[in-house]
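Colleague: Take this structure, written in structure tokens, and hold onto it; I'll ask about it next.
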Protein chains: 4
Amino acid sequence: MSDARYDFASDNTAPAAPEAMAALVAANAGFASGYGTDHVTAEAGDLVRGLLDADAEVRFVASGTAANAISLAALCRPFESVLAHEHAHVCTDETGAPGYFGQGLGLIRLPGASGRIEGAALAEALAQPDVSYRQSPAALSLTNATEYGTVYSAAALQALTAPAKAKGYGVHLDGARLANAAAAGFDLKAIKGLGVDILVIGGTKAGMPPTEAVAIFDRDLARRFDARLKQAGQLPSKGRFYAAPFIGMLQDGAFVRHAAHANAMAAKLAGLMPFPVKHAVEANGLFVEMDEPTLKRLHASGWFAYRFLDGTVRFMCSWATTPEAVESLGETLRTLV
Amino acid sequence: MSDARYDFASDNTAPAAPEAMAALVAANAGFASGYGTDHVTAEAGDLVRGLLDADAEVRFVASGTAANAISLAALCRPFESVLAHEHAHVCTDETGAPGYFGQGLGLIRLPGASGRIEGAALAEALAQPDVSYRQSPAALSLTNATEYGTVYSAAALQALTAPAKAKGYGVHLDGARLANAAAAGFDLKAIKGLGVDILVIGGTKAGMPPTEAVAIFDRDLARRFDARLKQAGQLPSKGRFYAAPFIGMLQDGAFVRHAAHANAMAAKLAGLMPFPVKHAVEANGLFVEMDEPTLKRLHASGWFAYRFLDGTVRFMCSWATTPEAVESLGETLRTLV
Amino acid sequence: MSDARYDFASDNTAPAAPEAMAALVAANAGFASGYGTDHVTAEAGDLVRGLLDADAEVRFVASGTAANAISLAALCRPFESVLAHEHAHVCTDETGAPGYFGQGLGLIRLPGASGRIEGAALAEALAQPDVSYRQSPAALSLTNATEYGTVYSAAALQALTAPAKAKGYGVHLDGARLANAAAAGFDLKAIKGLGVDILVIGGTKAGMPPTEAVAIFDRDLARRFDARLKQAGQLPSKGRFYAAPFIGMLQDGAFVRHAAHANAMAAKLAGLMPFPVKHAVEANGLFVEMDEPTLKRLHASGWFAYRFLDGTVRFMCSWATTPEAVESLGETLRTLV
Amino acid sequence: MSDARYDFASDNTAPAAPEAMAALVAANAGFASGYGTDHVTAEAGDLVRGLLDADAEVRFVASGTAANAISLAALCRPFESVLAHEHAHVCTDETGAPGYFGQGLGLIRLPGASGRIEGAALAEALAQPDVSYRQSPAALSLTNATEYGTVYSAAALQALTAPAKAKGYGVHLDGARLANAAAAGFDLKAIKGLGVDILVIGGTKAGMPPTEAVAIFDRDLARRFDARLKQAGQLPSKGRFYAAPFIGMLQDGAFVRHAAHANAMAAKLAGLMPFPVKHAVEANGLFVEMDEPTLKRLHASGWFAYRFLDGTVRFMCSWATTPEAVESLGETLRTLV
């Protein structure tokens with residue numbers, strides 16, 4: 001019994017896409033060696049390298065929260081900090097996982113409109129002198145597409161990574177919605193030139209069963225990474241179950257194609273939206289101004305949506321969102337105005 | 001392209017069983033709320049409670065290593081220790097995960113034949129006075145079936161848990177191969193009476209896609225457990241993918257039935273084994289004495305097996321191991337004597 | 001060669017008071033057992049219990065930062081948070097020590113005028129529902145005297161601790177300047193009735209060589225506390241060196257008497273201050289509005305003072321600050337207006 | 001009231017030597033800037049660099065346990081291990097501090113007679129392949145003088161550090177009793193050529209009030225070390241109290257001279273010892289075979305000594321141990337044979 005109320009609640013409420021499931025089922029044949037040494041994982045790694053046009057180390061893990069936290073712990077010691085947007089997932093929605101995996105590493109929360117870090121705020125943070133009583137920054141964490149459904153261009157990312165790299169800091173890119181960014185025009189093959197040391201590519205929100213790919217551009221970081229993952233509970237014994245969905249989604253372009261559909265559904269919903277839309281709709285999310293009684297009436301009418309960090313109400317679309325569902329939601333919304 | 005060489009290398013080299021996969025595919029329909037609040041997770045939780053005949057809190061997570069480490073961190077503070085068999089998985093094969101999740105919590109390694117903790121050794125450890133310069137014990141970790149393919153009876157477990165509980169210590173049961181123990185006669189419904197605070201029920205080695213169930217008998221421990229899991233990267237957004245396999249395997253008894261098959265295959269292999277068998281074959285593993293040149297020849301002949309911690313060579317059977325494979329391996333082994 | 005420039009820079013720039021040094025020298029005779037089991041430590045513990053009129057467990061440690069962090073780690077698990085004033089020392093000046101000692105435990109920063117937590121802000125934080133993706137609070141940390149030289153009354157503290165205790169949360173009191181609070185009228189014997197679980201009594205800022213007393217009111221917390229301290233590097237082998245200064249300062253009232261002098265020097269400086277004073281001068285600190293060029297001229301004139309978190313310039317007085325130094329500073333300040 | 005029973009119980013039961021106390025009292029004059037930026041700390045750092053004839057970064061901290069643990073955490077990530085003698089202080093007497101400060105970093109315990117690591121055991125450990133399920137080594141920890149009162153020569157240390165450095169691993173030297181090693185002929189100026197990255201120089205056991213010097217030979221390690229120390233509660237605000245004793249002890253050679261006395265007292269006790277002495281008496285400790293009833297009678301006769309890890313009974317001498325005390329203990333011991 002599925003629950004259509006949650007269609008727009010998040011992009012992780014959708015089922016897995018048929019391409020991902022078919023690959024999962026296909027990979028489930030015969031015996032395979034463990035802990036990511038299998039042929040399925042090897043093939044999926046090649047596909048990820050192809051997607052990025054980069055000779056990165058690739059791993060497949062179960063959790064985006066863990067992937068982010070492990071990445072930050074790899075870039076930043078406990079007495080140092082990560083620079084991130086104040087509403088980045090690592091700052092607000094991961095129960096302090098970066099500090100847990102990184103034994104108290106700090107997060108320096110930077111402002112910026114619509115989920116993008118403001119360049120001046122980053123510059124100011126980078127200009128702070130090292131003092132012993134504060135956790136000075138050692139890494140920059142970026143998110144594309146952002147938490148507010150906006151998309152950084154490669155140039156916009158470069159403008160943020162360059163000053164961080166100039167200080168010798170590491171760069172992490174949270175790509176939980178990288179497919180949506182790609183579908184919006186962000187060039188994935190440009191990432192390798194941006195100074196990103198470690199990239200998390202979202203599988204789950206892109207329409208896969210739980211899986212995330214970690215691409216490590218900095219080969220020094222990759223040393224003993226399997227031990228790092230194993231200790232952190234993220235080196236799956238049956239690795240093929242995390243790799244296979246990426247094969248299904250990458251081998252014929254479903255990864256970006258499904259994301260393009262999700263983005264289109266968000267755009268369609270924007271067209272039907274009777275409430276003020278707050279951020280540019282560039283990916284698969286839509287954020288609108290709606291008071292609390294109205295939100296409650298929306299919930300009562302059978303559609304769930306969350307109030308987000310900036311006070312707007314968030315609607316997320318996925319590969320599985322249908323035009324009919326968007327229209328149905330749109331109709332309901334019009335009754336609430 | 002599967003790799004039959006790994007059939008006996010571990011019980012995690014097998015594919016997932018059809019019952020588990022069918023349930024996974026079935027659960028992949030429509031939308032569902034996230035983070036374990038969905039209907040699939042609820043149903044699977046009920047089935048686990050039924051299996052145990054206990055009103056425990058149940059969670060489904062991706063990793064057995066993480067499940068164990070999180071459990072131990074819940075029972076033991078950093079300046080305390082866990083009592084465990086010296087060859088327990090938590091001591092030898094998890095890259096120090098308990099200490100990572102538990103910020104340096106200690107492991108006190110106890111001896112005991114064939115993977116079972118020796119009562120006298122436990123008693124001696126429990127009798128040690130608290131001193132400030134050592135990590136005194138706060139929890140006991142047990143494994144059933146053991147790492148050496150032997151099985152504790154409920155009474156044998158009780159003999160170990162009782163003195164630990166008398167000291168006020170917590171008890172963790174690593175059930176990575178609990179299905180095999182059950183198939184060997186261990187009564188799962190007895191666990192609730194043994195003083196176990198937290199139990200990890202292996203899905204992966206039982207023939208599922210990656211998933212483990214955590215059953216929390218001590219309700220105080222369960223407080224804020226979802227936050228604990230989320231911070232540790234083990235609260236899956238698409239929870240149904242971890243819950244569904246348990247539905248498939250528990251609803252009609254496949255969980256224990258498949259384990260019984262695996263155990264039977266190990267017994268069959270024991271009957272064909274030309275090398276000395278070192279531990280009683282009570283579950284799905286077989287440990288034999290074999291010198292290094294012979295092991296190398298075995299590998300060259302197309303069968304992979306690991307040399308284990310006690311120096312024996314380990315053969316593991318799974319739900320997917322066929323009688324034909326056992327016979328084929330047996331024939332090869334006879335040529336190596 | 002001492003450096004008088006730093007007289008007002010902090011209350012830790014002063015030498016140790018003669019009473020403390022005399023006791024240290026006196027304690028340095030003959031042999032003594034280690035790790036806090038010595039007779040000096042026992043005597044000092046009794047004096048602290050007398051000061052508080054409470055049957056608390058008492059330990060003496062080297063570092064206030066460590067004492068605070070260990071206390072918070074004792075009250076709060078990694079997936080939980082501590083509620084504290086946004087400018088509390090634990091939030092701003094300890095390089096993330098609470099998160100390091102507590103493996104990522106969170107800090108929820110509360111506002112409030114002049115360093116005192118605003119009751120409404122606390123109430124709002126306490127009213128938040130537990131959600132798995134955030135670190136819910138488990139403890140409240142208070143500071144008396146506050147970072148801004150103001151002093152909570154027992155009633156004011158009670159108004160904050162009561163709602164926290166009603167939720168079952170722990171309470172930590174950072175008393176780095178407890179002596180100054182006492183000298184300002186705060187009743188130390190009232191602490192035991194306020195629901196404080198663990199109290200850090202500052203020795204260093206009160207005019208001792210490095211030492212802090214930790215008073216544990218909640219006896220459950222005290223279990224294995226020596227092991228906790230030892231693991232954290234805060235169970236000194238030569239414990240008498242940390243205990244003795246408290247004997248010297250407590251046995252005849254020098255602890256509060258010296259603090260009263262420091263408070264009086266701050267009041268005297270307030271009387272001479274030509275710049276606007278921002279917070280009530282209730283203890284030994286004075287915070288004034290001063291622009292950056294003026295501050296630079298002050299530094300050039302031979303007096304060091306820090307710009308503080310709220311933008312004011314902070315002047316701290318200690319037991320060693322003389323009326324002459326205050327007058328000399330006052331004269332210099334008048335030339336800068 | 002001192003407690004002469006503890007004279008031989010440890011080398012931390014003694015009071016501080018007059019040279020150290022005089023320097024402490026002398027340093028306690030006037031104001032000084034905080035957190036190790038003061039003139040006393042600068043002077044003491046120079047003296048340590050002179051002692052070592054090396055341009056190392058030097059810090060003064062309160063705790064040897066913390067100094068060791070912080071050093072190991074600086075050399076080794078959580079999923080890696082430190083190679084150490086199985087009876088090294090970091091392995092047996094620090095309540096798991098390395099794992100606490102280093103979030104679960106592992107300790108690989110190596111055997112070796114009389115506290116010295118056996119070269120073959122080290123070679124075997126270094127030859128192990130990296131595997132993801134174990135914490136592979138990243139650092140070697142050595143202790144001089146050893147826990148058993150023996151002393152490594154520079155050549156003997158070199159034989160151990162060279163293969164570790166060849167693998168790219170870090171080296172930590174625990175010099176809690178470095179003064180005793182120096183007095184026994186170990187050339188402190190040779191350390192800089194041995195590949196040691198970080199050295200802890202014991203002040204406490206050498207006859208100072210609580211203080212340890214940390215010498216960082218690898219300048220990369222020194223980056224942000226003050227923040228590392230501050231977060232770990234080991235950057236004292238009143239730094240001069242930890243630096244001054246080193247001035248008193250180093251400026252005229254009391255550091256080694258007092259240690260030579262302690263060593264001589266151990267040698268004298270060896271000459272009077274009626275029980276079998278187990279390890280070569282090269283520094284200030286003596287380890288003898290004594291059964292439990294005899295030890296109890298010794299305790300009853302007014303002398304305390306601990307049974308050590310290898311089952312022997314340990315007698316430690318310090319700068320404060322007098323020939324008369326040795327003779328008195330010798331007489332008592334003769335009555336117990």
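Scheme for the structure tokens: letters A, B, ... for chains in order shown; per-chain residue numbers from 1; ligand numbers from 1 in order shown.
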Using only C-alpha atoms, find which residues of chain A lie within 8 Å of chain B and jot them down as a PyMOL selection string.
Modeller: chain A and resi 1-7+12-16+21+25+28-34+39+62-66+94-97+100-101+204+209-210+227+230-234+236-238+241
Colleague: Those selected residues, please, written with C-alpha atoms and delivered as a PDB file, in the first residue's frame.
Modeller:
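Once everything was written out, this is result-v7.pdb:
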```
ATOM      1  CA  MET A   1       0.000   0.000   0.000  1.00  0.00           C
ATOM      2  CA  SER A   2       1.781   3.099  -1.162  1.00  0.00           C
ATOM      3  CA  ASP A   3       1.105   6.546   0.099  1.00  0.00           C
ATOM      4  CA  ALA A   4       0.548   9.139  -2.608  1.00  0.00           C
ATOM      5  CA  ARG A   5       0.318  11.917  -0.020  1.00  0.00           C
ATOM      6  CA  TYR A   6       4.108  11.908   0.108  1.00  0.00           C
ATOM      7  CA  ASP A   7       4.679  12.430  -3.621  1.00  0.00           C
ATOM      8  CA  ASN A  12      13.189  10.192  -1.479  1.00  0.00           C
ATOM      9  CA  THR A  13       9.569   9.137  -1.143  1.00  0.00           C
ATOM     10  CA  ALA A  14       9.465   7.804  -4.682  1.00  0.00           C
ATOM     11  CA  PRO A  15      10.096   4.191  -5.539  1.00  0.00           C
ATOM     12  CA  ALA A  16      13.226   3.235  -7.446  1.00  0.00           C
ATOM     13  CA  MET A  21      15.642  -2.039 -10.285  1.00  0.00           C
ATOM     14  CA  VAL A  25      17.807  -7.769 -10.194  1.00  0.00           C
ATOM     15  CA  ASN A  28      21.613 -10.613  -8.218  1.00  0.00           C
ATOM     16  CA  ALA A  29      22.869 -13.700 -10.011  1.00  0.00           C
ATOM     17  CA  GLY A  30      25.539 -16.080  -8.915  1.00  0.00           C
ATOM     18  CA  PHE A  31      28.304 -15.463  -6.449  1.00  0.00           C
ATOM     19  CA  ALA A  32      30.441 -12.381  -6.166  1.00  0.00           C
ATOM     20  CA  SER A  33      33.405 -11.439  -4.042  1.00  0.00           C
ATOM     21  CA  GLY A  34      32.786  -9.068  -1.184  1.00  0.00           C
ATOM     22  CA  HIS A  39      32.660  -7.175 -11.156  1.00  0.00           C
ATOM     23  CA  ALA A  62      24.495   3.159   1.612  1.00  0.00           C
ATOM     24  CA  SER A  63      23.969   6.595   3.053  1.00  0.00           C
ATOM     25  CA  GLY A  64      24.338  10.141   1.846  1.00  0.00           C
ATOM     26  CA  THR A  65      24.599  11.418   5.389  1.00  0.00           C
ATOM     27  CA  ALA A  66      27.456   9.024   6.051  1.00  0.00           C
ATOM     28  CA  GLU A  94      22.134  15.176   9.538  1.00  0.00           C
ATOM     29  CA  THR A  95      21.867  15.204  13.352  1.00  0.00           C
ATOM     30  CA  GLY A  96      25.405  16.462  13.633  1.00  0.00           C
ATOM     31  CA  ALA A  97      26.856  13.569  11.636  1.00  0.00           C
ATOM     32  CA  TYR A 100      30.199  12.603  15.001  1.00  0.00           C
ATOM     33  CA  PHE A 101      32.251  11.083  12.211  1.00  0.00           C
ATOM     34  CA  THR A 204      18.710   7.720  -3.752  1.00  0.00           C
ATOM     35  CA  PRO A 209      17.320   2.156  -4.220  1.00  0.00           C
ATOM     36  CA  PRO A 210      19.555   3.409  -1.392  1.00  0.00           C
ATOM     37  CA  ALA A 227      39.374   0.885   5.769  1.00  0.00           C
ATOM     38  CA  LYS A 230      34.622  -0.184   6.735  1.00  0.00           C
ATOM     39  CA  GLN A 231      35.228   1.392  10.122  1.00  0.00           C
ATOM     40  CA  ALA A 232      32.396   3.801   9.460  1.00  0.00           C
ATOM     41  CA  GLY A 233      29.982   1.019   8.502  1.00  0.00           C
ATOM     42  CA  GLN A 234      29.932   2.004   4.843  1.00  0.00           C
ATOM     43  CA  PRO A 236      29.030  -3.090   2.115  1.00  0.00           C
ATOM     44  CA  SER A 237      29.890  -6.767   1.988  1.00  0.00           C
ATOM     45  CA  LYS A 238      27.430  -7.252  -0.855  1.00  0.00           C
ATOM     46  CA  PHE A 241      23.623  -4.053  -4.514  1.00  0.00           C
TER      47      PHE A 241
END
```
Colleague: Please provide as an mmCIF file with N, CA and C atoms, in the first residue's frame all residues within 6 Å of Glu212 of chain C, with the sequence filter that same-chain residues fewer than 4 positions apart are discarded (counting only C-alpha atoms).
Modeller:
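Result written to part_12.cif:
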```cif
data_model
loop_
_atom_site.group_PDB
_atom_site.id
_atom_site.type_symbol
_atom_site.label_atom_id
_atom_site.label_comp_id
_atom_site.auth_asym_id
_atom_site.auth_seq_id
_atom_site.Cartn_x
_atom_site.Cartn_y
_atom_site.Cartn_z
ATOM 1 N N PHE C 60 39.928 17.604 41.263
ATOM 2 C CA PHE C 60 40.727 18.762 40.872
ATOM 3 C C PHE C 60 41.431 18.457 39.559
ATOM 4 N N VAL C 61 41.256 19.334 38.603
ATOM 5 C CA VAL C 61 41.804 19.091 37.273
ATOM 6 C C VAL C 61 42.598 20.305 36.803
ATOM 7 N N ILE C 201 34.400 24.854 39.329
ATOM 8 C CA ILE C 201 34.774 26.020 40.134
ATOM 9 C C ILE C 201 36.158 26.479 39.695
ATOM 10 N N GLY C 202 36.208 27.657 39.161
ATOM 11 C CA GLY C 202 37.470 28.152 38.624
ATOM 12 C C GLY C 202 38.481 28.478 39.692
ATOM 13 N N GLY C 203 39.640 27.880 39.559
ATOM 14 C CA GLY C 203 40.753 28.255 40.408
ATOM 15 C C GLY C 203 41.646 29.272 39.707
#
```
Colleague: Give me the residues within 10 Å of Phe308 of chain B as number ranges by chain, counting only C-alpha atoms and dropping any in the same chain fewer than 6 places off.
Modeller: B: 87, 147-148, 287-288, 314-315
Colleague: Would you mind exporting C-alpha atoms of the selected residues as an mmCIF file, in the first residue's frame?
Modeller:
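Generated file (out_20.cif):
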```
data_model
loop_
_atom_site.group_PDB
_atom_site.id
_atom_site.type_symbol
_atom_site.label_atom_id
_atom_site.label_comp_id
_atom_site.auth_asym_id
_atom_site.auth_seq_id
_atom_site.Cartn_x
_atom_site.Cartn_y
_atom_site.Cartn_z
ATOM 1 C CA HIS B 87 37.749 -13.741 17.703
ATOM 2 C CA GLU B 147 32.446 -17.151 14.245
ATOM 3 C CA TYR B 148 33.480 -20.840 14.272
ATOM 4 C CA PHE B 287 36.975 -25.091 9.573
ATOM 5 C CA VAL B 288 39.694 -27.480 8.525
ATOM 6 C CA ARG B 314 37.142 -21.708 6.543
ATOM 7 C CA PHE B 315 34.391 -22.875 4.173
#
```
Colleague: Could you pull out the helix (DSSP H, G or I) residues of segment 182-217 of chain A from DSSP and send them as a list in words?
Modeller: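 Reading the DSSP output for segment 182-217 of chain A, helix (DSSP H, G or I) covers Ala182, Ala183, Leu188, Lys189, Ala190, Ile191, Lys192 and Gly193 of chain A.
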Colleague: Pull the strand (DSSP E) assignments for segment 37-156 of chain D out of DSSP run on the backbone, and list those residues as a PyMOL selection string.
Modeller: chain D and resi 57-61+80-85+106-110+136-143
Colleague: Just the number, please: distance in Å from atom CA of Val277 of chain D to atom CA of Glu289 of chain D, one decimal.
Modeller: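 A separation of 6.6 Å between them.
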